[in-house]
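Q: So here's protein21.tsv, just TSV, C-alpha atoms and all ligand atoms:
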```
chain	number	residue	atom	x	y	z
A	1	MET	CA	-5.45	-4.22	33.82
A	2	GLU	CA	-4.98	-5.55	30.27
A	3	PRO	CA	-5.89	-3.87	26.94
A	4	PHE	CA	-9.24	-5.00	25.48
A	5	LEU	CA	-7.82	-4.85	21.92
A	6	LYS	CA	-4.91	-6.43	20.13
A	7	TRP	CA	-2.98	-3.63	18.44
A	8	ALA	CA	0.05	-3.52	16.13
A	9	GLY	CA	3.00	-2.00	17.97
A	10	GLY	CA	1.17	-2.50	21.30
A	11	LYS	CA	3.34	-1.90	24.37
A	12	ARG	CA	2.11	-4.71	26.61
A	13	TRP	CA	5.72	-6.00	26.66
A	14	LEU	CA	6.90	-2.72	28.19
A	15	THR	CA	4.54	-3.10	31.14
A	16	THR	CA	5.82	-6.55	32.09
A	17	ARG	CA	9.48	-5.55	32.37
A	18	PRO	CA	11.18	-5.60	35.75
A	19	ILE	CA	12.73	-2.12	35.36
A	20	ASP	CA	10.23	0.62	35.93
A	21	ILE	CA	10.80	3.38	33.41
A	22	PHE	CA	7.69	5.37	34.25
A	23	PRO	CA	7.76	8.42	36.53
A	24	ASP	CA	6.51	8.16	40.07
A	25	HIS	CA	2.70	8.55	40.32
A	26	VAL	CA	3.11	10.90	43.23
A	27	GLU	CA	5.17	13.34	41.22
A	28	THR	CA	2.89	13.53	38.18
A	29	LYS	CA	-0.38	15.36	37.70
A	30	ARG	CA	-2.41	14.37	34.61
A	31	TYR	CA	-1.77	11.51	32.13
A	32	PHE	CA	-1.49	12.11	28.35
A	33	GLU	CA	-1.34	9.42	25.66
A	34	PRO	CA	-1.61	10.90	22.12
A	35	PHE	CA	-0.91	7.63	20.20
A	36	LEU	CA	-3.36	5.52	22.14
A	37	GLY	CA	-3.72	2.28	20.09
A	38	GLY	CA	-4.44	-0.56	22.54
A	39	ALA	CA	-3.41	1.69	25.50
A	40	ALA	CA	-1.27	-0.97	27.23
A	41	VAL	CA	0.58	1.64	29.30
A	42	PHE	CA	-2.58	3.50	30.30
A	43	PHE	CA	-4.21	0.27	31.52
A	44	HIS	CA	-1.01	-0.66	33.35
A	45	LEU	CA	-0.58	2.65	35.17
A	46	GLN	CA	-4.31	3.29	35.70
A	47	PRO	CA	-3.95	7.05	36.08
A	48	THR	CA	-6.77	9.41	36.98
A	49	GLY	CA	-7.44	12.42	34.76
A	50	GLY	CA	-5.90	13.56	31.51
A	51	TYR	CA	-6.16	13.10	27.75
A	52	LEU	CA	-6.22	10.00	25.56
A	53	SER	CA	-6.23	10.38	21.78
A	54	ASP	CA	-5.43	8.74	18.46
A	55	LEU	CA	-5.96	9.67	14.82
A	56	ASN	CA	-8.03	6.51	14.27
A	57	VAL	CA	-11.69	7.56	14.57
A	58	ASP	CA	-13.09	3.99	14.87
A	59	LEU	CA	-10.60	3.15	17.61
A	60	ILE	CA	-11.49	6.25	19.63
A	61	ASN	CA	-15.20	5.54	19.20
A	62	ALA	CA	-14.62	2.13	20.84
A	63	TYR	CA	-13.06	3.83	23.89
A	64	THR	CA	-15.76	6.48	24.27
A	65	THR	CA	-18.49	3.83	23.87
A	66	ILE	CA	-16.96	1.70	26.62
A	67	ARG	CA	-16.69	4.78	28.84
A	68	ASP	CA	-20.22	6.06	28.20
A	69	ASN	CA	-22.31	3.00	27.30
A	70	TRP	CA	-20.51	-0.20	28.29
A	71	GLU	CA	-23.65	-2.13	29.28
A	72	ASP	CA	-25.34	-1.79	25.87
A	73	LEU	CA	-22.04	-2.56	24.21
A	74	VAL	CA	-21.63	-5.82	26.13
A	75	ASP	CA	-25.21	-6.81	25.18
A	76	VAL	CA	-24.39	-6.42	21.49
A	77	LEU	CA	-21.03	-8.20	21.83
A	78	PHE	CA	-22.76	-11.05	23.62
A	79	LYS	CA	-25.10	-11.44	20.61
A	80	TYR	CA	-22.14	-11.34	18.20
A	81	ASP	CA	-20.37	-13.95	20.32
A	82	LYS	CA	-23.31	-16.32	19.84
A	83	LYS	CA	-23.57	-15.60	16.11
A	84	HIS	CA	-19.85	-15.81	15.35
A	85	SER	CA	-19.05	-17.94	12.28
A	86	VAL	CA	-17.18	-17.51	9.00
A	87	ASP	CA	-20.30	-16.17	7.26
A	88	PHE	CA	-21.14	-13.82	10.11
A	89	TYR	CA	-17.57	-12.47	10.17
A	90	TYR	CA	-17.60	-11.54	6.47
A	91	GLU	CA	-21.11	-10.11	6.79
A	92	MET	CA	-19.91	-7.87	9.64
A	93	ARG	CA	-16.80	-6.91	7.71
A	94	GLU	CA	-18.98	-5.50	4.91
A	95	LYS	CA	-21.29	-3.59	7.23
A	96	LYS	CA	-21.06	0.16	7.82
A	97	PRO	CA	-23.22	0.84	10.86
A	98	ARG	CA	-24.35	4.44	11.36
A	99	VAL	CA	-24.92	4.29	15.11
A	100	SER	CA	-21.80	4.71	17.25
A	101	LEU	CA	-22.75	1.82	19.57
A	102	LEU	CA	-22.87	-0.59	16.63
A	103	GLN	CA	-19.72	0.90	15.11
A	104	ALA	CA	-17.89	0.19	18.38
A	105	ALA	CA	-19.31	-3.35	18.67
A	106	ARG	CA	-18.31	-4.13	15.08
A	107	PHE	CA	-14.82	-2.71	15.67
A	108	ILE	CA	-14.23	-4.82	18.80
A	109	TYR	CA	-15.80	-7.90	17.21
A	110	LEU	CA	-13.55	-7.66	14.13
A	111	ASN	CA	-10.46	-6.90	16.23
A	112	ARG	CA	-11.04	-10.00	18.31
A	113	THR	CA	-11.89	-12.40	15.49
A	114	CYS	CA	-9.78	-11.18	12.55
A	115	TRP	CA	-6.39	-12.55	11.59
A	116	ASN	CA	-3.84	-11.57	14.23
A	117	GLY	CA	-5.81	-8.58	15.52
A	118	LEU	CA	-4.52	-6.57	12.60
A	119	TYR	CA	-6.13	-3.24	11.72
A	120	ARG	CA	-5.93	-2.63	7.98
A	121	VAL	CA	-8.23	-0.74	5.66
A	122	ASN	CA	-8.17	-0.46	1.86
A	123	LYS	CA	-8.06	2.79	-0.15
A	124	ASN	CA	-11.77	3.35	0.50
A	125	GLY	CA	-11.32	2.97	4.25
A	126	GLN	CA	-12.98	-0.48	4.27
A	127	PHE	CA	-11.56	-2.99	6.78
A	128	ASN	CA	-10.10	-5.87	4.74
A	129	VAL	CA	-8.42	-8.33	7.13
A	130	PRO	CA	-9.46	-12.01	6.76
A	131	ILE	CA	-10.93	-14.07	9.58
A	132	GLY	CA	-8.59	-15.46	12.26
A	133	THR	CA	-8.72	-18.62	14.32
A	134	LYS	CA	-10.39	-17.32	17.50
A	135	THR	CA	-13.84	-18.72	18.17
A	136	LYS	CA	-14.84	-16.50	21.12
A	137	VAL	CA	-15.59	-12.79	21.08
A	138	LEU	CA	-15.92	-12.36	24.84
A	139	SER	CA	-13.80	-13.97	27.51
A	140	THR	CA	-14.18	-14.43	31.26
A	141	GLU	CA	-11.36	-11.91	31.67
A	142	ASP	CA	-13.37	-9.09	30.12
A	143	ASN	CA	-14.51	-6.48	32.60
A	144	PHE	CA	-16.00	-3.61	30.62
A	145	GLN	CA	-17.40	-2.00	33.74
A	146	GLU	CA	-13.91	-1.69	35.20
A	147	LEU	CA	-12.60	-0.29	31.90
A	148	SER	CA	-15.44	2.22	31.86
A	149	LEU	CA	-14.70	3.41	35.39
A	150	LEU	CA	-11.07	3.96	34.56
A	151	LEU	CA	-11.88	5.76	31.29
A	152	ASN	CA	-14.45	7.91	33.06
A	153	THR	CA	-11.86	10.35	34.37
A	154	MET	CA	-10.27	10.80	30.95
A	155	SER	CA	-10.92	13.19	28.09
A	156	ILE	CA	-10.89	11.03	24.93
A	157	GLU	CA	-10.77	12.32	21.36
A	158	SER	CA	-9.76	11.51	17.85
A	159	CYS	CA	-7.12	14.01	16.74
A	160	ASP	CA	-3.55	14.52	15.61
A	161	PHE	CA	-0.92	14.07	18.36
A	162	GLN	CA	0.01	17.75	18.36
A	163	ASN	CA	-3.40	18.88	19.70
A	164	THR	CA	-2.97	16.63	22.73
A	165	ILE	CA	0.70	17.28	23.46
A	166	ASP	CA	0.06	21.05	23.30
A	167	LYS	CA	-2.29	20.71	26.28
A	168	ALA	CA	0.35	19.20	28.59
A	169	ARG	CA	1.57	21.49	31.36
A	170	SER	CA	4.06	21.37	34.21
A	171	GLY	CA	3.92	18.06	36.13
A	172	ASP	CA	1.83	16.19	33.52
A	173	PHE	CA	3.11	12.83	32.23
A	174	VAL	CA	3.05	12.35	28.44
A	175	PHE	CA	3.60	8.84	27.06
A	176	ILE	CA	4.51	8.97	23.35
A	177	ASP	CA	4.39	5.84	21.20
A	178	PRO	CA	4.23	6.82	17.51
A	179	PRO	CA	4.29	4.48	14.53
A	180	TYR	CA	7.97	3.71	13.98
A	181	THR	CA	9.63	5.33	10.97
A	182	VAL	CA	13.28	6.11	10.45
A	183	LYS	CA	14.97	8.60	8.15
A	184	HIS	CA	16.82	6.11	5.94
A	185	ASN	CA	14.47	3.34	4.98
A	186	LEU	CA	16.03	-0.08	5.38
A	187	ASN	CA	13.23	-2.44	4.56
A	188	GLY	CA	9.70	-2.74	3.24
A	189	PHE	CA	8.04	-2.57	6.63
A	190	VAL	CA	9.41	0.85	7.44
A	191	LYS	CA	8.59	2.06	3.94
A	192	TYR	CA	5.01	0.97	4.50
A	193	ASN	CA	4.83	2.95	7.74
A	194	GLU	CA	6.21	6.03	6.03
A	195	LYS	CA	2.79	6.53	4.42
A	196	ILE	CA	1.14	6.44	7.85
A	197	PHE	CA	3.73	8.47	9.71
A	198	SER	CA	6.39	10.26	7.68
A	199	TRP	CA	9.82	11.44	8.72
A	200	GLN	CA	8.34	14.96	8.59
A	201	ASP	CA	5.83	13.79	11.24
A	202	GLN	CA	8.73	12.52	13.40
A	203	ILE	CA	10.32	15.99	13.22
A	204	ARG	CA	6.99	17.67	14.03
A	205	LEU	CA	6.62	15.27	16.99
A	206	LYS	CA	10.07	16.07	18.32
A	207	ASP	CA	9.34	19.83	18.13
A	208	SER	CA	6.06	19.36	19.94
A	209	VAL	CA	7.72	17.20	22.63
A	210	SER	CA	10.51	19.76	23.12
A	211	LYS	CA	7.93	22.47	23.80
A	212	ALA	CA	6.08	20.27	26.32
A	213	ILE	CA	9.36	19.57	28.14
A	214	LYS	CA	10.05	23.32	28.32
A	215	ARG	CA	6.62	23.77	29.93
A	216	GLY	CA	7.67	21.25	32.62
A	217	ALA	CA	5.96	18.03	31.46
A	218	PHE	CA	7.50	14.59	32.07
A	219	VAL	CA	7.78	12.92	28.63
A	220	LEU	CA	8.61	9.30	27.77
A	221	ILE	CA	9.04	8.48	24.08
A	222	LEU	CA	9.30	5.01	22.55
A	223	ASN	CA	10.76	4.62	19.07
A	224	ALA	CA	12.91	2.46	16.81
A	225	ASN	CA	16.50	2.02	17.95
A	226	HIS	CA	17.96	3.64	14.84
A	227	ILE	CA	20.70	6.21	14.34
A	228	SER	CA	18.29	8.71	12.75
A	229	ILE	CA	16.04	8.64	15.85
A	230	LYS	CA	19.05	9.03	18.18
A	231	GLU	CA	20.21	12.03	16.12
A	232	LEU	CA	16.73	13.53	16.09
A	233	TYR	CA	16.48	13.41	19.89
A	234	LYS	CA	20.08	14.42	20.61
A	235	GLY	CA	20.05	16.70	23.64
A	236	VAL	CA	16.41	15.84	24.44
A	237	GLY	CA	16.36	13.52	27.45
A	238	LYS	CA	18.23	10.30	28.14
A	239	THR	CA	18.12	7.37	25.69
A	240	ILE	CA	17.73	3.82	27.00
A	241	GLU	CA	17.97	0.73	24.80
A	242	LEU	CA	15.30	-1.79	25.71
A	243	GLU	CA	15.94	-5.35	24.66
A	244	ARG	CA	13.01	-7.53	23.69
A	245	ALA	CA	12.28	-10.86	22.10
A	246	SER	CA	10.74	-10.91	18.66
A	247	VAL	CA	8.69	-13.53	16.94
A	248	ILE	CA	9.17	-12.68	13.31
A	249	ALA	CA	8.00	-16.01	12.00
A	250	GLY	CA	6.02	-18.80	13.60
A	251	ASN	CA	9.02	-21.10	14.04
A	252	SER	CA	11.48	-20.68	16.88
A	253	SER	CA	14.56	-20.57	14.60
A	254	ALA	CA	13.44	-17.16	13.32
A	255	ARG	CA	13.03	-15.79	16.82
A	256	GLY	CA	15.65	-13.36	17.97
A	257	ARG	CA	16.27	-10.44	20.24
A	258	TYR	CA	16.27	-6.83	19.19
A	259	THR	CA	16.15	-3.44	20.84
A	260	GLU	CA	13.82	-0.48	20.89
A	261	LEU	CA	14.60	3.00	22.14
A	262	ALA	CA	13.09	4.76	25.12
A	263	ILE	CA	13.81	8.47	25.53
A	264	LYS	CA	13.17	9.55	29.09
A	265	CYS	CA	12.80	13.31	29.48
A	266	TRP	CA	12.82	14.27	33.16
B	301	LIG	C1	2.44	2.13	17.89
B	301	LIG	S1	0.73	2.48	17.90
B	301	LIG	C2	0.42	2.80	19.60
B	301	LIG	C3	0.34	1.52	20.37
B	301	LIG	C4	-0.06	1.68	21.83
B	301	LIG	N1	0.97	2.32	22.61
B	301	LIG	C5	-0.42	0.32	22.44
B	301	LIG	O1	0.09	-0.04	23.51
B	301	LIG	O2	-1.21	-0.40	21.82
B	301	LIG	C6	0.68	4.07	17.15
B	301	LIG	C7	-0.70	4.70	17.06
B	301	LIG	O3	-0.54	6.01	16.49
B	301	LIG	C8	-1.72	6.36	15.78
B	301	LIG	N2	-1.38	7.50	14.88
B	301	LIG	C9	-0.78	7.49	13.67
B	301	LIG	N3	-0.58	8.75	13.23
B	301	LIG	C10	-1.05	9.59	14.19
B	301	LIG	C11	-1.12	11.00	14.34
B	301	LIG	N4	-0.64	11.84	13.39
B	301	LIG	N5	-1.67	11.52	15.47
B	301	LIG	C12	-2.17	10.68	16.43
B	301	LIG	N6	-2.14	9.32	16.35
B	301	LIG	C13	-1.57	8.79	15.25
B	301	LIG	C14	-2.11	5.05	15.10
B	301	LIG	O4	-3.49	5.05	14.79
B	301	LIG	C15	-1.72	4.00	16.16
B	301	LIG	O5	-2.83	3.62	16.93
```
Can I see the file as structure tokens?
Ligand SMILES: C[S@@+](CC[C@H](N)C(=O)[O-])C[C@H]1O[C@@H](n2cnc3c(N)ncnc32)[C@H](O)[C@@H]1O
A:
Amino acid sequence: MEPFLKWAGGKRWLTTRPIDIFPDHVETKRYFEPFLGGAAVFFHLQPTGGYLSDLNVDLINAYTTIRDNWEDLVDVLFKYDKKHSVDFYYEMREKKPRVSLLQAARFIYLNRTCWNGLYRVNKNGQFNVPIGTKTKVLSTEDNFQELSLLLNTMSIESCDFQNTIDKARSGDFVFIDPPYTVKHNLNGFVKYNEKIFSWQDQIRLKDSVSKAIKRGAFVLILNANHISIKELYKGVGKTIELERASVIAGNSSARGRYTELAIKCW
């Protein structure tokens, strides 16, 4: 199953790799994903039971609405699909619906029609991404009923990662995919992320992960392949460098290969 959102740092690429770096389903009990985003790994593994969470309240509301009220949501999205235009997009962008159903529909509509599926809000928390090139809101591949059934077995909440990781016990699988930040900033992108997820947060994450491992959880962490991350996780699991293609700019000459780090703790 594919994610229903486009999300920065999404791990769809990880699920299409030939090497399977996830633990065996048979061995694991519940599934935990505390940095949910587009949930590429959750939709790939399709586990039953556990906890999904993210700090982003609007994102989590979209998941709980699909789980609890997918039919009404699809009705609203269908209407938005018909109304979609430049004017309608900017009208929706300005709106602040009070009802959670409409908040979720607006969130999914903007995610699917904005520029590059980017989630960005200004200082006042107002979504400020311009319109993209997509003309359809719904596609024939959408199956919200199937998503709802899968989400039905999961506890879903908006909270800091630590609350969720603390709940993991022996035999549970915890997939950790934080925003990437490194200790020594090398470029503007990382500096930008530092506001969202600081180095202090990376240390707090590592401490929380170490405790979960001691309780017997299986933990897989994804992060930047950087010396500071390797040092941080020294002695915690096995590090694997995962090579992937990047499309930094639209033209093929700027495309290259780079690596990310997986830390497998079992
Ligand atoms: C790299 S993305 C996860 C992408 C996801 N694995 C996917 O496949 O789309 C990181 C996520 O962490 C969330 N986040 C940032 N700080 C957080 C925190 N302190 N606690 C929980 N989630 C946080 C962001 O909202 C974002 O959705």
Q: Any residue with an atom at most 9 Å from ligand LIG 301 (chain B) counts, using only C-alpha atoms and all ligand atoms. Which are they? Put them as a short mmCIF file (atom, residue, chain, number, x, y, z; two decimals) with C-alpha atoms, in the coordinates of the input.
A:
```
data_model
loop_
_atom_site.label_atom_id
_atom_site.label_comp_id
_atom_site.auth_asym_id
_atom_site.auth_seq_id
_atom_site.Cartn_x
_atom_site.Cartn_y
_atom_site.Cartn_z
CA PRO A 3 -5.89 -3.87 26.94
CA LEU A 5 -7.82 -4.85 21.92
CA LYS A 6 -4.91 -6.43 20.13
CA TRP A 7 -2.98 -3.63 18.44
CA ALA A 8 0.05 -3.52 16.13
CA GLY A 9 3.00 -2.00 17.97
CA GLY A 10 1.17 -2.50 21.30
CA LYS A 11 3.34 -1.90 24.37
CA ARG A 12 2.11 -4.71 26.61
CA TRP A 13 5.72 -6.00 26.66
CA LEU A 14 6.90 -2.72 28.19
CA GLU A 33 -1.34 9.42 25.66
CA PRO A 34 -1.61 10.90 22.12
CA PHE A 35 -0.91 7.63 20.20
CA LEU A 36 -3.36 5.52 22.14
CA GLY A 37 -3.72 2.28 20.09
CA GLY A 38 -4.44 -0.56 22.54
CA ALA A 39 -3.41 1.69 25.50
CA ALA A 40 -1.27 -0.97 27.23
CA VAL A 41 0.58 1.64 29.30
CA PHE A 42 -2.58 3.50 30.30
CA SER A 53 -6.23 10.38 21.78
CA ASP A 54 -5.43 8.74 18.46
CA LEU A 55 -5.96 9.67 14.82
CA ASN A 56 -8.03 6.51 14.27
CA VAL A 57 -11.69 7.56 14.57
CA LEU A 59 -10.60 3.15 17.61
CA SER A 158 -9.76 11.51 17.85
CA CYS A 159 -7.12 14.01 16.74
CA ASP A 160 -3.55 14.52 15.61
CA PHE A 161 -0.92 14.07 18.36
CA GLN A 162 0.01 17.75 18.36
CA ASN A 163 -3.40 18.88 19.70
CA THR A 164 -2.97 16.63 22.73
CA PHE A 175 3.60 8.84 27.06
CA ILE A 176 4.51 8.97 23.35
CA ASP A 177 4.39 5.84 21.20
CA PRO A 178 4.23 6.82 17.51
CA PRO A 179 4.29 4.48 14.53
CA TYR A 180 7.97 3.71 13.98
CA ILE A 196 1.14 6.44 7.85
CA PHE A 197 3.73 8.47 9.71
CA ASP A 201 5.83 13.79 11.24
CA LEU A 205 6.62 15.27 16.99
CA LEU A 222 9.30 5.01 22.55
CA ASN A 223 10.76 4.62 19.07
#
```
Q: Just how far from CA of Lys136 (chain A) is CA of Gly117 (chain A), in Å to one decimal?
A: 13.3 Å
Q: Using Å and a single decimal, report how far CA of Asp166 (chain A) sits from CA of Asp207 (chain A).
A: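 CA of Asp166 (chain A) lies 10.7 Å from CA of Asp207 (chain A).
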Q: Taking only C-alpha atoms into account, which of A:Tyr119, A:Phe127, A:Phe107, A:Phe32 comes nearest Leu73 (chain A)?
A: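 Among the listed residues, the smallest separation from Leu73 (chain A) belongs to A:Phe107.
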Q: In Å, how far is it from CA of Leu52 (chain A) to CA of Tyr31 (chain A)?
A: 8.1 Å
Q: Determine, counting only C-alpha atoms, which protein, DNA and RNA residues have an atom within 12 Å of an atom of Lys183 (chain A); residues of the same chain fewer than 5 positions away are not included. Present the result as a ChimeraX atom specification.
A: /A:190-191,193-194,197-203,224-232
Q: I'd like to know which of A:Ala217, A:Leu261, A:Val182, A:Ala105 is closest to Glu71 (chain A), using all atoms listed in the file.
A: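 Ranked by minimum distance to Glu71 (chain A), first place goes to A:Ala105.
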Q: Please provide as a list in words all residues within 12 Å of His25 (chain A), with the sequence filter that same-chain residues fewer than 3 positions apart are discarded (counting all atoms listed in the file).
A: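 The residues that qualify are Asp20, Ile21, Phe22, Thr28, Lys29, Arg30, Tyr31, Leu45, Gln46, Pro47, Thr48, Gly171, Asp172, Phe173 and Phe218 of chain A.
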Q: Would you please work out which residue, of A:Leu220, A:Met1, A:Ile165, A:Glu241, is nearest to Ser208 (chain A) when using all atoms listed in the file?
A: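 For Ser208 (chain A), the nearest of the given residues is A:Ile165.
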Q: May I have the residues at most 12 Å from (-19.9, 4.7, 23.5) in the file's coordinates, counting all atoms listed in the file, as a CSV table (one decimal) with C-alpha atoms, in the coordinates of the input?
A:
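The new file out.csv reads:
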```csv
chain,number,residue,atom,x,y,z
A,58,ASP,CA,-13.1,4.0,14.9
A,59,LEU,CA,-10.6,3.2,17.6
A,60,ILE,CA,-11.5,6.2,19.6
A,61,ASN,CA,-15.2,5.5,19.2
A,62,ALA,CA,-14.6,2.1,20.8
A,63,TYR,CA,-13.1,3.8,23.9
A,64,THR,CA,-15.8,6.5,24.3
A,65,THR,CA,-18.5,3.8,23.9
A,66,ILE,CA,-17.0,1.7,26.6
A,67,ARG,CA,-16.7,4.8,28.8
A,68,ASP,CA,-20.2,6.1,28.2
A,69,ASN,CA,-22.3,3.0,27.3
A,70,TRP,CA,-20.5,-0.2,28.3
A,71,GLU,CA,-23.6,-2.1,29.3
A,72,ASP,CA,-25.3,-1.8,25.9
A,73,LEU,CA,-22.0,-2.6,24.2
A,74,VAL,CA,-21.6,-5.8,26.1
A,99,VAL,CA,-24.9,4.3,15.1
A,100,SER,CA,-21.8,4.7,17.2
A,101,LEU,CA,-22.8,1.8,19.6
A,102,LEU,CA,-22.9,-0.6,16.6
A,103,GLN,CA,-19.7,0.9,15.1
A,104,ALA,CA,-17.9,0.2,18.4
A,105,ALA,CA,-19.3,-3.4,18.7
A,107,PHE,CA,-14.8,-2.7,15.7
A,144,PHE,CA,-16.0,-3.6,30.6
A,148,SER,CA,-15.4,2.2,31.9
A,151,LEU,CA,-11.9,5.8,31.3
A,152,ASN,CA,-14.4,7.9,33.1
A,156,ILE,CA,-10.9,11.0,24.9
```
Q: Counting only C-alpha atoms, which of A:Ala212, A:Met92, A:Val86, A:Val174 gets nearest to Thr135 (chain A)?
A: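 Result for the nearest residue to Thr135 (chain A): A:Val86.
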